[in-house]
>>> print(open('work_34.cif').read())   # mmCIF, N, CA and C atoms
data_structure
#
loop_
_atom_site.label_atom_id
_atom_site.label_comp_id
_atom_site.auth_asym_id
_atom_site.auth_seq_id
_atom_site.Cartn_x
_atom_site.Cartn_y
_atom_site.Cartn_z
N GLU D 52 34.67 66.88 -5.05
CA GLU D 52 34.56 65.68 -5.87
C GLU D 52 34.44 66.00 -7.35
N LEU D 53 33.83 67.12 -7.69
CA LEU D 53 33.61 67.42 -9.10
C LEU D 53 34.86 67.96 -9.81
N GLN D 54 35.95 68.24 -9.06
CA GLN D 54 37.16 68.68 -9.75
C GLN D 54 37.76 67.53 -10.55
N TYR D 55 37.34 66.32 -10.28
CA TYR D 55 37.86 65.15 -10.99
C TYR D 55 37.13 64.87 -12.29
N LEU D 56 36.02 65.56 -12.52
CA LEU D 56 35.31 65.27 -13.75
C LEU D 56 34.81 66.55 -14.40
N GLN D 57 34.75 66.50 -15.72
CA GLN D 57 34.22 67.63 -16.48
C GLN D 57 33.48 67.08 -17.69
N GLU D 58 32.48 67.83 -18.11
CA GLU D 58 31.71 67.41 -19.27
C GLU D 58 32.52 67.73 -20.53
N ALA D 59 32.90 66.70 -21.28
CA ALA D 59 33.71 66.88 -22.49
C ALA D 59 32.83 67.28 -23.67
N GLN D 60 31.65 66.72 -23.69
CA GLN D 60 30.63 67.06 -24.69
C GLN D 60 29.30 66.67 -24.06
N PRO D 61 28.18 67.09 -24.60
CA PRO D 61 26.91 66.79 -23.93
C PRO D 61 26.74 65.29 -23.65
N GLY D 62 26.59 64.95 -22.37
CA GLY D 62 26.36 63.57 -21.98
C GLY D 62 27.60 62.70 -21.91
N VAL D 63 28.79 63.28 -22.15
CA VAL D 63 30.04 62.53 -22.07
C VAL D 63 30.99 63.29 -21.16
N TYR D 64 31.57 62.57 -20.20
CA TYR D 64 32.38 63.20 -19.17
C TYR D 64 33.80 62.66 -19.20
N GLU D 65 34.77 63.54 -18.99
CA GLU D 65 36.15 63.12 -18.83
C GLU D 65 36.41 63.05 -17.33
N VAL D 66 36.92 61.91 -16.88
CA VAL D 66 37.05 61.67 -15.45
C VAL D 66 38.46 61.23 -15.12
N ASP D 67 39.02 61.83 -14.06
CA ASP D 67 40.31 61.43 -13.53
C ASP D 67 40.09 60.16 -12.69
N CYS D 68 40.87 59.14 -12.95
CA CYS D 68 40.62 57.84 -12.31
C CYS D 68 41.02 57.77 -10.85
N VAL D 69 41.61 58.85 -10.30
CA VAL D 69 41.86 58.86 -8.85
C VAL D 69 40.60 59.27 -8.09
N MET D 70 39.54 59.61 -8.82
CA MET D 70 38.28 60.00 -8.16
C MET D 70 37.78 58.85 -7.29
N ASP D 71 37.41 59.18 -6.05
CA ASP D 71 36.87 58.19 -5.13
C ASP D 71 35.62 57.56 -5.74
N ILE D 72 35.52 56.25 -5.66
CA ILE D 72 34.40 55.53 -6.30
C ILE D 72 33.06 55.93 -5.69
N ASP D 73 33.04 56.25 -4.40
CA ASP D 73 31.79 56.69 -3.77
C ASP D 73 31.35 58.04 -4.35
N ASP D 74 32.32 58.94 -4.54
CA ASP D 74 31.99 60.25 -5.13
C ASP D 74 31.51 60.09 -6.57
N PHE D 75 32.17 59.20 -7.32
CA PHE D 75 31.75 58.94 -8.70
C PHE D 75 30.32 58.40 -8.70
N GLY D 76 30.03 57.45 -7.83
CA GLY D 76 28.69 56.88 -7.73
C GLY D 76 27.65 57.93 -7.38
N LYS D 77 27.99 58.80 -6.43
CA LYS D 77 27.06 59.87 -6.04
C LYS D 77 26.81 60.83 -7.20
N ALA D 78 27.89 61.20 -7.92
CA ALA D 78 27.76 62.17 -9.00
C ALA D 78 26.81 61.69 -10.09
N PHE D 79 26.82 60.37 -10.34
CA PHE D 79 26.00 59.82 -11.43
C PHE D 79 24.83 58.98 -10.93
N ASN D 80 24.57 59.05 -9.61
CA ASN D 80 23.45 58.32 -9.01
C ASN D 80 23.55 56.82 -9.29
N LEU D 81 24.76 56.27 -9.05
CA LEU D 81 25.02 54.84 -9.26
C LEU D 81 25.25 54.18 -7.91
N ASN D 82 24.92 52.91 -7.84
CA ASN D 82 25.18 52.14 -6.63
C ASN D 82 26.29 51.15 -6.94
N ILE D 83 27.53 51.56 -6.68
CA ILE D 83 28.69 50.69 -6.94
C ILE D 83 29.18 50.16 -5.60
N ILE D 84 29.18 48.85 -5.46
CA ILE D 84 29.63 48.20 -4.23
C ILE D 84 31.15 48.09 -4.26
N LYS D 85 31.83 48.65 -3.24
CA LYS D 85 33.28 48.56 -3.17
C LYS D 85 33.70 47.11 -2.93
N ASP D 86 34.71 46.69 -3.66
CA ASP D 86 35.25 45.34 -3.49
C ASP D 86 36.76 45.41 -3.70
N ASN D 87 37.49 45.78 -2.65
CA ASN D 87 38.95 45.91 -2.70
C ASN D 87 39.41 47.02 -3.64
N PHE D 88 38.63 48.06 -3.80
CA PHE D 88 39.07 49.24 -4.56
C PHE D 88 38.43 50.47 -3.92
N GLU D 89 39.10 51.61 -4.09
CA GLU D 89 38.63 52.88 -3.53
C GLU D 89 38.36 53.92 -4.61
N THR D 90 38.97 53.74 -5.79
CA THR D 90 38.92 54.76 -6.83
C THR D 90 38.23 54.23 -8.09
N LEU D 91 37.93 55.16 -9.00
CA LEU D 91 37.36 54.76 -10.28
C LEU D 91 38.34 53.85 -11.03
N GLY D 92 39.62 54.19 -11.01
CA GLY D 92 40.63 53.35 -11.67
C GLY D 92 40.65 51.93 -11.10
N GLY D 93 40.54 51.83 -9.79
CA GLY D 93 40.50 50.52 -9.14
C GLY D 93 39.26 49.73 -9.54
N TYR D 94 38.13 50.42 -9.65
CA TYR D 94 36.88 49.79 -10.09
C TYR D 94 37.04 49.21 -11.50
N LEU D 95 37.63 50.02 -12.41
CA LEU D 95 37.79 49.54 -13.79
C LEU D 95 38.77 48.36 -13.85
N LEU D 96 39.86 48.46 -13.11
CA LEU D 96 40.84 47.37 -13.07
C LEU D 96 40.19 46.09 -12.52
N HIS D 97 39.45 46.24 -11.42
CA HIS D 97 38.78 45.10 -10.79
C HIS D 97 37.74 44.48 -11.74
N THR D 98 37.01 45.33 -12.43
CA THR D 98 35.92 44.85 -13.28
C THR D 98 36.43 44.14 -14.53
N CYS D 99 37.48 44.69 -15.15
CA CYS D 99 37.93 44.03 -16.38
C CYS D 99 39.10 43.07 -16.15
N GLY D 100 39.69 43.06 -14.97
CA GLY D 100 40.70 42.05 -14.65
C GLY D 100 42.07 42.32 -15.23
N HIS D 101 42.26 43.46 -15.87
CA HIS D 101 43.57 43.85 -16.39
C HIS D 101 43.61 45.38 -16.47
N ILE D 102 44.80 45.91 -16.69
CA ILE D 102 44.92 47.36 -16.85
C ILE D 102 44.57 47.69 -18.30
N PRO D 103 43.47 48.37 -18.51
CA PRO D 103 43.07 48.70 -19.89
C PRO D 103 44.06 49.67 -20.54
N LEU D 104 44.18 49.55 -21.83
CA LEU D 104 45.09 50.40 -22.60
C LEU D 104 44.36 51.63 -23.12
N ALA D 105 45.12 52.68 -23.44
CA ALA D 105 44.52 53.88 -24.03
C ALA D 105 43.76 53.49 -25.29
N GLY D 106 42.55 54.00 -25.42
CA GLY D 106 41.70 53.68 -26.57
C GLY D 106 40.76 52.52 -26.33
N GLU D 107 41.03 51.72 -25.31
CA GLU D 107 40.17 50.56 -25.01
C GLU D 107 38.82 51.04 -24.48
N GLN D 108 37.76 50.35 -24.90
CA GLN D 108 36.42 50.67 -24.40
C GLN D 108 35.96 49.56 -23.46
N ILE D 109 35.35 49.98 -22.37
CA ILE D 109 34.84 49.05 -21.37
C ILE D 109 33.35 49.35 -21.22
N ASP D 110 32.53 48.41 -21.67
CA ASP D 110 31.07 48.59 -21.62
C ASP D 110 30.55 47.87 -20.39
N LEU D 111 30.10 48.63 -19.40
CA LEU D 111 29.63 48.09 -18.14
C LEU D 111 28.18 48.50 -17.92
N PRO D 112 27.49 47.84 -16.99
CA PRO D 112 26.11 48.24 -16.69
C PRO D 112 26.00 49.71 -16.26
N THR D 113 27.08 50.26 -15.68
CA THR D 113 27.07 51.66 -15.25
C THR D 113 27.25 52.63 -16.40
N GLY D 114 27.80 52.18 -17.53
CA GLY D 114 28.02 53.05 -18.68
C GLY D 114 29.21 52.60 -19.50
N LEU D 115 29.52 53.39 -20.51
CA LEU D 115 30.62 53.08 -21.42
C LEU D 115 31.83 53.94 -21.04
N PHE D 116 32.94 53.27 -20.74
CA PHE D 116 34.19 53.95 -20.41
C PHE D 116 35.15 53.79 -21.58
N THR D 117 35.77 54.88 -22.00
CA THR D 117 36.82 54.84 -23.02
C THR D 117 38.09 55.37 -22.37
N VAL D 118 39.15 54.55 -22.38
CA VAL D 118 40.39 54.94 -21.73
C VAL D 118 41.08 56.02 -22.56
N VAL D 119 41.33 57.17 -21.93
CA VAL D 119 42.00 58.29 -22.59
C VAL D 119 43.50 58.23 -22.31
N GLU D 120 43.86 57.91 -21.06
CA GLU D 120 45.26 57.91 -20.67
C GLU D 120 45.49 56.75 -19.71
N ALA D 121 46.54 55.97 -19.98
CA ALA D 121 46.90 54.85 -19.10
C ALA D 121 48.38 54.54 -19.28
N ASN D 122 48.95 53.87 -18.30
CA ASN D 122 50.30 53.34 -18.45
C ASN D 122 50.29 51.88 -18.00
N ARG D 123 51.44 51.28 -17.87
CA ARG D 123 51.47 49.85 -17.54
C ARG D 123 50.97 49.55 -16.14
N ARG D 124 50.91 50.59 -15.29
CA ARG D 124 50.53 50.36 -13.90
C ARG D 124 49.12 50.81 -13.54
N ALA D 125 48.54 51.73 -14.33
CA ALA D 125 47.25 52.29 -13.91
C ALA D 125 46.53 52.98 -15.06
N VAL D 126 45.22 53.08 -14.90
CA VAL D 126 44.40 53.91 -15.79
C VAL D 126 44.40 55.31 -15.18
N ARG D 127 44.64 56.32 -16.00
CA ARG D 127 44.72 57.70 -15.49
C ARG D 127 43.45 58.50 -15.75
N ARG D 128 42.97 58.50 -17.00
CA ARG D 128 41.77 59.28 -17.36
C ARG D 128 40.90 58.46 -18.30
N VAL D 129 39.59 58.64 -18.15
CA VAL D 129 38.64 57.97 -19.04
C VAL D 129 37.58 58.96 -19.49
N ARG D 130 36.95 58.64 -20.60
CA ARG D 130 35.71 59.31 -21.00
C ARG D 130 34.59 58.38 -20.59
N TYR D 131 33.56 58.95 -20.02
CA TYR D 131 32.46 58.15 -19.48
C TYR D 131 31.15 58.63 -20.07
N LYS D 132 30.41 57.70 -20.63
CA LYS D 132 29.06 57.98 -21.14
C LYS D 132 28.08 57.15 -20.33
N PRO D 133 27.33 57.78 -19.43
CA PRO D 133 26.40 57.03 -18.59
C PRO D 133 25.31 56.33 -19.41
N LYS D 134 24.81 55.21 -18.89
CA LYS D 134 23.70 54.51 -19.54
C LYS D 134 22.44 55.37 -19.49
N ARG D 135 22.28 56.07 -18.38
CA ARG D 135 21.17 57.03 -18.30
C ARG D 135 21.76 58.41 -18.13
N SER D 136 21.16 59.38 -18.76
CA SER D 136 21.74 60.71 -18.81
C SER D 136 21.54 61.45 -17.49
N GLY D 137 22.37 62.45 -17.31
CA GLY D 137 22.20 63.35 -16.17
C GLY D 137 23.26 63.15 -15.11
N ILE D 138 23.62 64.24 -14.51
CA ILE D 138 24.58 64.25 -13.40
C ILE D 138 23.90 64.98 -12.26
N ARG D 139 24.15 64.51 -11.06
CA ARG D 139 23.58 65.22 -9.91
C ARG D 139 24.42 66.43 -9.61
N SER D 140 23.78 67.53 -9.33
CA SER D 140 24.54 68.75 -9.02
C SER D 140 24.68 68.92 -7.53
#
>>> encode(input="work_34.cif", output="structure tokens")
Amino acid sequence: ELQYLQEAQPGVYEVDCVMDIDDFGKAFNLNIIKDNFETLGGYLLHTCGHIPLAGEQIDLPTGLFTVVEANRRAVRRVRYKPKRSGIRS
């Protein structure tokens, strides 16, 4: 699961949006309820109701997501800054 994310700078992570949402939740100790999505990209799409563009910021209760890479069909990579610090090892 951790091959999908890496720490870009202290407390900020670059995450591949194909990461399973359960694995993402476990990595950051979050309780994300699945609702017709399986991946982090699906969660972001579901939450904001559109495909976010590169550079767009999405501020959610789970943390701040900044879209690094996206196309017209999907979000590919994001930078993620958790609301509370720390990652589970």
>>> closest_residue(input="work_34.cif", among="D:Val119, D:Phe88, D:Leu56, D:Asn82", to="Glu107 (chain D)", atoms="only N, CA and C atoms")
D:Val119
>>> closest_residue(input="work_34.cif", among="D:Pro133, D:Gly100, D:Gly93, D:Gly106", to="Phe79 (chain D)", atoms="only N, CA and C atoms")
D:Pro133
>>> residues_around(input="work_34.cif", residues="Leu91 (chain D)", least_positions_apart="4", cutoff="6 Å", atoms="only N, CA and C atoms", output="NGL selection string")
:D and (68-72 or 95-96)
>>> select_by_dssp(input="work_34.cif", residues="chain D", states="helix (DSSP H, G or I)", output="list of chain:residue names")
D:Leu53, D:Gln54, D:Tyr55, D:Ile72, D:Asp73, D:Asp74, D:Phe75, D:Gly76, D:Lys77, D:Ala78, D:Leu91, D:Gly92, D:Gly93, D:Tyr94, D:Leu95, D:Leu96, D:His97, D:Thr98, D:Cys99
>>> write_last_selection(input="work_34.cif", atoms="N, CA and C atoms", output="short mmCIF file (atom, residue, chain, number, x, y, z; two decimals), in the frame of the given file")
data_model
loop_
_atom_site.label_atom_id
_atom_site.label_comp_id
_atom_site.auth_asym_id
_atom_site.auth_seq_id
_atom_site.Cartn_x
_atom_site.Cartn_y
_atom_site.Cartn_z
N LEU D 53 33.83 67.12 -7.69
CA LEU D 53 33.61 67.42 -9.10
C LEU D 53 34.86 67.96 -9.81
N GLN D 54 35.95 68.24 -9.06
CA GLN D 54 37.16 68.68 -9.75
C GLN D 54 37.76 67.53 -10.55
N TYR D 55 37.34 66.32 -10.28
CA TYR D 55 37.86 65.15 -10.99
C TYR D 55 37.13 64.87 -12.29
N ILE D 72 35.52 56.25 -5.66
CA ILE D 72 34.40 55.53 -6.30
C ILE D 72 33.06 55.93 -5.69
N ASP D 73 33.04 56.25 -4.40
CA ASP D 73 31.79 56.69 -3.77
C ASP D 73 31.35 58.04 -4.35
N ASP D 74 32.32 58.94 -4.54
CA ASP D 74 31.99 60.25 -5.13
C ASP D 74 31.51 60.09 -6.57
N PHE D 75 32.17 59.20 -7.32
CA PHE D 75 31.75 58.94 -8.70
C PHE D 75 30.32 58.40 -8.70
N GLY D 76 30.03 57.45 -7.83
CA GLY D 76 28.69 56.88 -7.73
C GLY D 76 27.65 57.93 -7.38
N LYS D 77 27.99 58.80 -6.43
CA LYS D 77 27.06 59.87 -6.04
C LYS D 77 26.81 60.83 -7.20
N ALA D 78 27.89 61.20 -7.92
CA ALA D 78 27.76 62.17 -9.00
C ALA D 78 26.81 61.69 -10.09
N LEU D 91 37.93 55.16 -9.00
CA LEU D 91 37.36 54.76 -10.28
C LEU D 91 38.34 53.85 -11.03
N GLY D 92 39.62 54.19 -11.01
CA GLY D 92 40.63 53.35 -11.67
C GLY D 92 40.65 51.93 -11.10
N GLY D 93 40.54 51.83 -9.79
CA GLY D 93 40.50 50.52 -9.14
C GLY D 93 39.26 49.73 -9.54
N TYR D 94 38.13 50.42 -9.65
CA TYR D 94 36.88 49.79 -10.09
C TYR D 94 37.04 49.21 -11.50
N LEU D 95 37.63 50.02 -12.41
CA LEU D 95 37.79 49.54 -13.79
C LEU D 95 38.77 48.36 -13.85
N LEU D 96 39.86 48.46 -13.11
CA LEU D 96 40.84 47.37 -13.07
C LEU D 96 40.19 46.09 -12.52
N HIS D 97 39.45 46.24 -11.42
CA HIS D 97 38.78 45.10 -10.79
C HIS D 97 37.74 44.48 -11.74
N THR D 98 37.01 45.33 -12.43
CA THR D 98 35.92 44.85 -13.28
C THR D 98 36.43 44.14 -14.53
N CYS D 99 37.48 44.69 -15.15
CA CYS D 99 37.93 44.03 -16.38
C CYS D 99 39.10 43.07 -16.15
#
>>> resolve_selection(input="work_34.cif", expression="the PyMOL selection byres (((chain D and resi 83-86 and name CA) around 9) and name CA)", output="number ranges by chain")
D: 72-73, 75-76, 81-82, 87-89, 94, 97, 113
>>> write_last_selection(input="work_34.cif", atoms="N, CA and C atoms", output="PDB file, keeping the file's coordinate frame")
ATOM      1  N   ILE D  72      35.520  56.250  -5.660  1.00  0.00           N
ATOM      2  CA  ILE D  72      34.400  55.530  -6.300  1.00  0.00           C
ATOM      3  C   ILE D  72      33.060  55.930  -5.690  1.00  0.00           C
ATOM      4  N   ASP D  73      33.040  56.250  -4.400  1.00  0.00           N
ATOM      5  CA  ASP D  73      31.790  56.690  -3.770  1.00  0.00           C
ATOM      6  C   ASP D  73      31.350  58.040  -4.350  1.00  0.00           C
ATOM      7  N   PHE D  75      32.170  59.200  -7.320  1.00  0.00           N
ATOM      8  CA  PHE D  75      31.750  58.940  -8.700  1.00  0.00           C
ATOM      9  C   PHE D  75      30.320  58.400  -8.700  1.00  0.00           C
ATOM     10  N   GLY D  76      30.030  57.450  -7.830  1.00  0.00           N
ATOM     11  CA  GLY D  76      28.690  56.880  -7.730  1.00  0.00           C
ATOM     12  C   GLY D  76      27.650  57.930  -7.380  1.00  0.00           C
ATOM     13  N   LEU D  81      24.760  56.270  -9.050  1.00  0.00           N
ATOM     14  CA  LEU D  81      25.020  54.840  -9.260  1.00  0.00           C
ATOM     15  C   LEU D  81      25.250  54.180  -7.910  1.00  0.00           C
ATOM     16  N   ASN D  82      24.920  52.910  -7.840  1.00  0.00           N
ATOM     17  CA  ASN D  82      25.180  52.140  -6.630  1.00  0.00           C
ATOM     18  C   ASN D  82      26.290  51.150  -6.940  1.00  0.00           C
ATOM     19  N   ASN D  87      37.490  45.780  -2.650  1.00  0.00           N
ATOM     20  CA  ASN D  87      38.950  45.910  -2.700  1.00  0.00           C
ATOM     21  C   ASN D  87      39.410  47.020  -3.640  1.00  0.00           C
ATOM     22  N   PHE D  88      38.630  48.060  -3.800  1.00  0.00           N
ATOM     23  CA  PHE D  88      39.070  49.240  -4.560  1.00  0.00           C
ATOM     24  C   PHE D  88      38.430  50.470  -3.920  1.00  0.00           C
ATOM     25  N   GLU D  89      39.100  51.610  -4.090  1.00  0.00           N
ATOM     26  CA  GLU D  89      38.630  52.880  -3.530  1.00  0.00           C
ATOM     27  C   GLU D  89      38.360  53.920  -4.610  1.00  0.00           C
ATOM     28  N   TYR D  94      38.130  50.420  -9.650  1.00  0.00           N
ATOM     29  CA  TYR D  94      36.880  49.790 -10.090  1.00  0.00           C
ATOM     30  C   TYR D  94      37.040  49.210 -11.500  1.00  0.00           C
ATOM     31  N   HIS D  97      39.450  46.240 -11.420  1.00  0.00           N
ATOM     32  CA  HIS D  97      38.780  45.100 -10.790  1.00  0.00           C
ATOM     33  C   HIS D  97      37.740  44.480 -11.740  1.00  0.00           C
ATOM     34  N   THR D 113      27.080  50.260 -15.680  1.00  0.00           N
ATOM     35  CA  THR D 113      27.070  51.660 -15.250  1.00  0.00           C
ATOM     36  C   THR D 113      27.250  52.630 -16.400  1.00  0.00           C
TER      37      THR D 113
END
>>> atom_distance(input="work_34.cif", atom1="CA of Val66 (chain D)", atom2="CA of Ala121 (chain D)")
12.5 Å
>>> resolve_selection(input="work_34.cif", expression="the PyMOL selection byres ((chain D and resi 118) around 6)", output="VMD selection string")
chain D and resid 104 to 109 116 to 117 119 to 120 128 to 130
>>> write_last_selection(input="work_34.cif", atoms="N, CA and C atoms", output="JSON list (two decimals), in the frame of the given file")
[["chain", "number", "residue", "atom", "x", "y", "z"],
["D", 104, "LEU", "N", 44.18, 49.55, -21.83],
["D", 104, "LEU", "CA", 45.09, 50.40, -22.60],
["D", 104, "LEU", "C", 44.36, 51.63, -23.12],
["D", 105, "ALA", "N", 45.12, 52.68, -23.44],
["D", 105, "ALA", "CA", 44.52, 53.88, -24.03],
["D", 105, "ALA", "C", 43.76, 53.49, -25.29],
["D", 106, "GLY", "N", 42.55, 54.00, -25.42],
["D", 106, "GLY", "CA", 41.70, 53.68, -26.57],
["D", 106, "GLY", "C", 40.76, 52.52, -26.33],
["D", 107, "GLU", "N", 41.03, 51.72, -25.31],
["D", 107, "GLU", "CA", 40.17, 50.56, -25.01],
["D", 107, "GLU", "C", 38.82, 51.04, -24.48],
["D", 108, "GLN", "N", 37.76, 50.35, -24.90],
["D", 108, "GLN", "CA", 36.42, 50.67, -24.40],
["D", 108, "GLN", "C", 35.96, 49.56, -23.46],
["D", 109, "ILE", "N", 35.35, 49.98, -22.37],
["D", 109, "ILE", "CA", 34.84, 49.05, -21.37],
["D", 109, "ILE", "C", 33.35, 49.35, -21.22],
["D", 116, "PHE", "N", 32.94, 53.27, -20.74],
["D", 116, "PHE", "CA", 34.19, 53.95, -20.41],
["D", 116, "PHE", "C", 35.15, 53.79, -21.58],
["D", 117, "THR", "N", 35.77, 54.88, -22.00],
["D", 117, "THR", "CA", 36.82, 54.84, -23.02],
["D", 117, "THR", "C", 38.09, 55.37, -22.37],
["D", 119, "VAL", "N", 41.33, 57.17, -21.93],
["D", 119, "VAL", "CA", 42.00, 58.29, -22.59],
["D", 119, "VAL", "C", 43.50, 58.23, -22.31],
["D", 120, "GLU", "N", 43.86, 57.91, -21.06],
["D", 120, "GLU", "CA", 45.26, 57.91, -20.67],
["D", 120, "GLU", "C", 45.49, 56.75, -19.71],
["D", 128, "ARG", "N", 42.97, 58.50, -17.00],
["D", 128, "ARG", "CA", 41.77, 59.28, -17.36],
["D", 128, "ARG", "C", 40.90, 58.46, -18.30],
["D", 129, "VAL", "N", 39.59, 58.64, -18.15],
["D", 129, "VAL", "CA", 38.64, 57.97, -19.04],
["D", 129, "VAL", "C", 37.58, 58.96, -19.49],
["D", 130, "ARG", "N", 36.95, 58.64, -20.60],
["D", 130, "ARG", "CA", 35.71, 59.31, -21.00],
["D", 130, "ARG", "C", 34.59, 58.38, -20.59]]
>>> atom_distance(input="work_34.cif", atom1="atom C of Gly114 (chain D)", atom2="CA of Glu65 (chain D)")
12.6 Å
>>> atom_distance(input="work_34.cif", atom1="CA of Val63 (chain D)", atom2="atom C of Ile102 (chain D)")
21.1 Å
>>> select_by_dssp(input="work_34.cif", residues="chain D", states="strand (DSSP E or B)", output="MDAnalysis selection string")
chainID D and resid 56:60 63:67 71 90 108:111 114:121 126:133
>>> build_atoms(input="work_34.cif", residues="region 85-96 of chain D", atoms="N, CA, C and O atoms", output="short mmCIF file (atom, residue, chain, number, x, y, z; two decimals), in the coordinates of the input")
data_model
loop_
_atom_site.label_atom_id
_atom_site.label_comp_id
_atom_site.auth_asym_id
_atom_site.auth_seq_id
_atom_site.Cartn_x
_atom_site.Cartn_y
_atom_site.Cartn_z
N LYS D 85 31.83 48.65 -3.24
CA LYS D 85 33.28 48.56 -3.17
C LYS D 85 33.70 47.11 -2.93
O LYS D 85 33.13 46.43 -2.09
N ASP D 86 34.71 46.69 -3.66
CA ASP D 86 35.25 45.34 -3.49
C ASP D 86 36.76 45.41 -3.70
O ASP D 86 37.26 45.18 -4.79
N ASN D 87 37.49 45.78 -2.65
CA ASN D 87 38.95 45.91 -2.70
C ASN D 87 39.41 47.02 -3.64
O ASN D 87 40.47 46.90 -4.24
N PHE D 88 38.63 48.06 -3.80
CA PHE D 88 39.07 49.24 -4.56
C PHE D 88 38.43 50.47 -3.92
O PHE D 88 37.40 50.38 -3.29
N GLU D 89 39.10 51.61 -4.09
CA GLU D 89 38.63 52.88 -3.53
C GLU D 89 38.36 53.92 -4.61
O GLU D 89 37.66 54.88 -4.37
N THR D 90 38.97 53.74 -5.79
CA THR D 90 38.92 54.76 -6.83
C THR D 90 38.23 54.23 -8.09
O THR D 90 38.04 53.02 -8.24
N LEU D 91 37.93 55.16 -9.00
CA LEU D 91 37.36 54.76 -10.28
C LEU D 91 38.34 53.85 -11.03
O LEU D 91 37.94 52.85 -11.62
N GLY D 92 39.62 54.19 -11.01
CA GLY D 92 40.63 53.35 -11.67
C GLY D 92 40.65 51.93 -11.10
O GLY D 92 40.73 50.96 -11.84
N GLY D 93 40.54 51.83 -9.79
CA GLY D 93 40.50 50.52 -9.14
C GLY D 93 39.26 49.73 -9.54
O GLY D 93 39.32 48.52 -9.76
N TYR D 94 38.13 50.42 -9.65
CA TYR D 94 36.88 49.79 -10.09
C TYR D 94 37.04 49.21 -11.50
O TYR D 94 36.68 48.07 -11.77
N LEU D 95 37.63 50.02 -12.41
CA LEU D 95 37.79 49.54 -13.79
C LEU D 95 38.77 48.36 -13.85
O LEU D 95 38.51 47.38 -14.55
N LEU D 96 39.86 48.46 -13.11
CA LEU D 96 40.84 47.37 -13.07
C LEU D 96 40.19 46.09 -12.52
O LEU D 96 40.32 45.01 -13.08
#
